[in-house]
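Everything on this sheet refers to the single structure shown next.
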Amino acid sequence: MRKEKISIAYVGRFPESEIPSGPEKTAYLIFREHISNNKGIFIQYFYDGRKHGLLKKLFGKEKNGGVITCGILRIYSVLKNFRPEIIHIITFDRFALICFIYRLFNKTKIVYTAHGAVHHENSLKSLSFFYRLKDKFAEKFFVEKSDRLISVSGDLIDMLSLNYKIDDNRCAVTANPVDVCFSSEVKKNFNHPLKAVAIFRNDFQKEGFEFLTRYIKSYKPQIDFFFIVSDWFKNKCSGFDIRTFPLMKAAELAEFYKDKHLFFSLNKYDTFSISTAEAMSAGLIPVLTESTGISRYIKNGYNGYTVKFGEVGELSVKVNELLSMNHEYLQKISSNASLIYNDLSSEAVYRCYMNIYLETLS
């Protein structure tokens, strides 16, 4: 294994919000791990057209530490000056297509992390045909032309292969990392009624919301439910015995989890679910659908439970099993769930990425 350090240009969207998306969390944590021991920069685009004029969006450049925000025509020169061995497109962004132009004339490898199937996700949104066409072209290029394709689940690779030509030898599967603030070794006090959390923030979670609320309405479980939601979902919670809270920063959410017991993630489409990983790391027992990417880490009755999407009766059986357990057994499952942090800490996930980088360069 080579001993010299690897220079990598990460390309995508760096989190600017205090409540970033899952892909943005991954981008931040992996970039942070990389620059602690290696050469790296993070390149992003001037996204907000209302704040930036045309000249800035074409030729502008702003630097904040290792994060460089560039106009579209400035990206090539930034890459040329840095001379990365690897360009890692770590979130889906169309502007990253310029990296392939750079590769035509310079020695570098391109790695793309697929967090979702963009063409499928766009089909669930109200978007113009031209917008969808641009996204599909970019996704096709990233998936088919990158030197290495990284996916957060095997099911996602299968979904992408329905629309694009994929060489299995170029593919790798890894996880999304969890911030250290969620790691907890404190044993929970499982007094009844148990407290359960669910998070709903985007359109892809509407079906999971309907599945969970249908179960609550049908079976009225003796559980206190706490929903962390965006405004759209908050309005849908009226009529249910559910306490709602706004989306939270990571440290605030980790604190919120300290006296909670269960975490529900019942979405039909969820390629990984970093929210479940964070909750498990904090000791919450997960109940999630088999179609959720992180379900590959779950052993029923050992560190959580999985159910088929839409099967309300099966969900009721699994939850009743939890409700019938004594304090010691619930505590054991909670402790087992929290062990996922050993595999999904930013350090552990970055080691997986580093192995992929080295294989890509070999």
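Residue numbers start at 1 in each chain; chains themselves are named A, B, ... in the order of the structure tokens; ligands are numbered from 1 in the order shown.
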Segment 72-168 of chain A: which residues are strand (DSSP E or B) by DSSP, as a list of chain:residue names? A:Ile86, A:Ile87, A:His88, A:Ile89, A:Lys109, A:Ile110, A:Val111, A:Tyr112, A:Thr113, A:Ala114, A:Arg148, A:Leu149, A:Ile150, A:Ser151
Sorted per-residue table, segment 149-213 of chain A near segment 94-117 of chain A, closest atoms and distance, 8 Å, only C-alpha atoms, as a tab-separated table:
```
residue	atom	partner	partner_atom	distance
A:Leu149	CA	A:Tyr112	CA	5.1
A:Ile150	CA	A:Thr113	CA	4.6
A:Ser151	CA	A:Ala114	CA	5.0
A:Val152	CA	A:His115	CA	6.0
A:Leu156	CA	A:Gly116	CA	6.8
A:Met159	CA	A:Ala117	CA	7.1
A:Leu160	CA	A:Ala117	CA	6.3
```
Residue selection dump (N, CA and C atoms) as a short mmCIF file (atom, residue, chain, number, x, y, z; two decimals), in the first residue's frame:
```
data_model
loop_
_atom_site.label_atom_id
_atom_site.label_comp_id
_atom_site.auth_asym_id
_atom_site.auth_seq_id
_atom_site.Cartn_x
_atom_site.Cartn_y
_atom_site.Cartn_z
N LEU A 149 -17.78 3.92 -9.23
CA LEU A 149 -19.13 4.28 -8.78
C LEU A 149 -19.32 3.74 -7.38
N ILE A 150 -19.57 4.64 -6.44
CA ILE A 150 -19.84 4.25 -5.06
C ILE A 150 -21.33 4.45 -4.80
N SER A 151 -21.95 3.45 -4.19
CA SER A 151 -23.37 3.53 -3.86
C SER A 151 -23.56 3.27 -2.37
N VAL A 152 -24.63 3.83 -1.80
CA VAL A 152 -24.89 3.61 -0.38
C VAL A 152 -25.66 2.32 -0.14
N LEU A 156 -29.64 0.25 -4.63
CA LEU A 156 -29.53 1.47 -5.44
C LEU A 156 -28.77 1.17 -6.74
N MET A 159 -31.17 -0.40 -9.01
CA MET A 159 -32.12 0.58 -9.55
C MET A 159 -31.47 1.40 -10.67
N LEU A 160 -30.22 1.81 -10.46
CA LEU A 160 -29.51 2.59 -11.48
C LEU A 160 -29.27 1.75 -12.74
#
```
Residue contacts of Glu144 of chain A (7 Å, only C-alpha atoms) excluding same-chain residues fewer than 3 positions away, as a ChimeraX atom specification: /A:140-141,164-166
File of the preceding selection, C-alpha atoms, as a compact mmCIF listing (two decimals), in the first residue's frame:
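Generated file (part.txt):
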```txt
# COMPACT_ATOMS: atom_id res chain seq x y z
CA LYS A 140 -26.04 8.99 -16.87
CA PHE A 141 -22.62 10.57 -17.38
CA TYR A 164 -27.78 2.97 -17.24
CA LYS A 165 -24.96 0.66 -18.29
CA ILE A 166 -23.02 -0.30 -15.18
```
Segment 333-350 of chain A: which residues within 8 Å, counting only C-alpha atoms, same-chain residues fewer than 4 positions away excluded, as a ChimeraX atom specification? /A:29-30,33-34,174-180,183-185,187-188,261,277,280-286,297,301-304,329,354
Ranking A:Pro20, A:Gly71, A:Pro221, A:Gly60 by minimum distance to Ser275 of chain A and counting only C-alpha atoms, which one comes first?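 Answer, going by the shortest atom-to-atom distance: A:Pro20.
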DSSP alpha helix (DSSP H) residues within segment 170-312 of chain A, listed as an MDAnalysis selection string: chainID A and resid 206:219 231:236 250:256 274:281 312
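Comparing the minimum interatomic distances between Phe209 of chain A and each of A:Phe264, A:Phe245, A:Phe190, A:Tyr257, counting only C-alpha atoms, we find that A:Phe264 sits nearest.
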Just give me the gap between atom CA of Tyr357 of chain A and atom CA of Val11 of chain A in Å, one decimal is fine.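 One can read the atom CA of Tyr357 of chain A to atom CA of Val11 of chain A distance as 15.0 Å.
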For Ala196 of chain A: contacts at 8 Å, only C-alpha atoms, fewer than 6 positions along chain excluded, given as number ranges by chain: A: 223-226, 260-264
Considering only C-alpha atoms, can you say which of A:Tyr10, A:Asn122, A:Tyr47, A:Arg243 comes closest to Leu79 of chain A?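 That would be A:Tyr10, the residue with the smallest distance to Leu79 of chain A.
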For Ile8 of chain A, list every protein, DNA or RNA residue within 7 Å, evaluated using only C-alpha atoms, and leave out those in the same chain fewer than 6 positions away; present the list as a compact mmCIF listing (two decimals) with C-alpha atoms, in the first residue's frame.
```txt
# COMPACT_ATOMS: atom_id res chain seq x y z
CA LYS A 39 -4.26 17.16 0.62
CA GLY A 40 -7.78 18.17 -0.31
CA ILE A 41 -10.05 20.93 -1.51
CA PRO A 84 -5.82 16.21 -7.90
CA GLU A 85 -5.06 12.54 -8.27
CA ILE A 86 -8.76 11.90 -7.71
CA ILE A 87 -11.83 14.03 -8.27
CA HIS A 88 -14.60 12.79 -6.03
```
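With only C-alpha atoms as the atoms that count, the residue of A:Pro15, A:Gly239, A:Gly313, A:Pro193 with the shortest distance to Gln44 of chain A is A:Pro15.
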In terms of the shortest atom-to-atom distance over only C-alpha atoms, which of A:Gly310, A:Lys299, A:Leu247, A:Ser77 is closest to Ser21 of chain A?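 Of A:Gly310, A:Lys299, A:Leu247, A:Ser77, the one nearest Ser21 of chain A is A:Leu247, counting only C-alpha atoms.
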Residue with smallest distance to Ser218 of chain A - pool A:Asp155, A:Asn169, A:Lys236, A:Ser316, counting only C-alpha atoms: A:Ser316
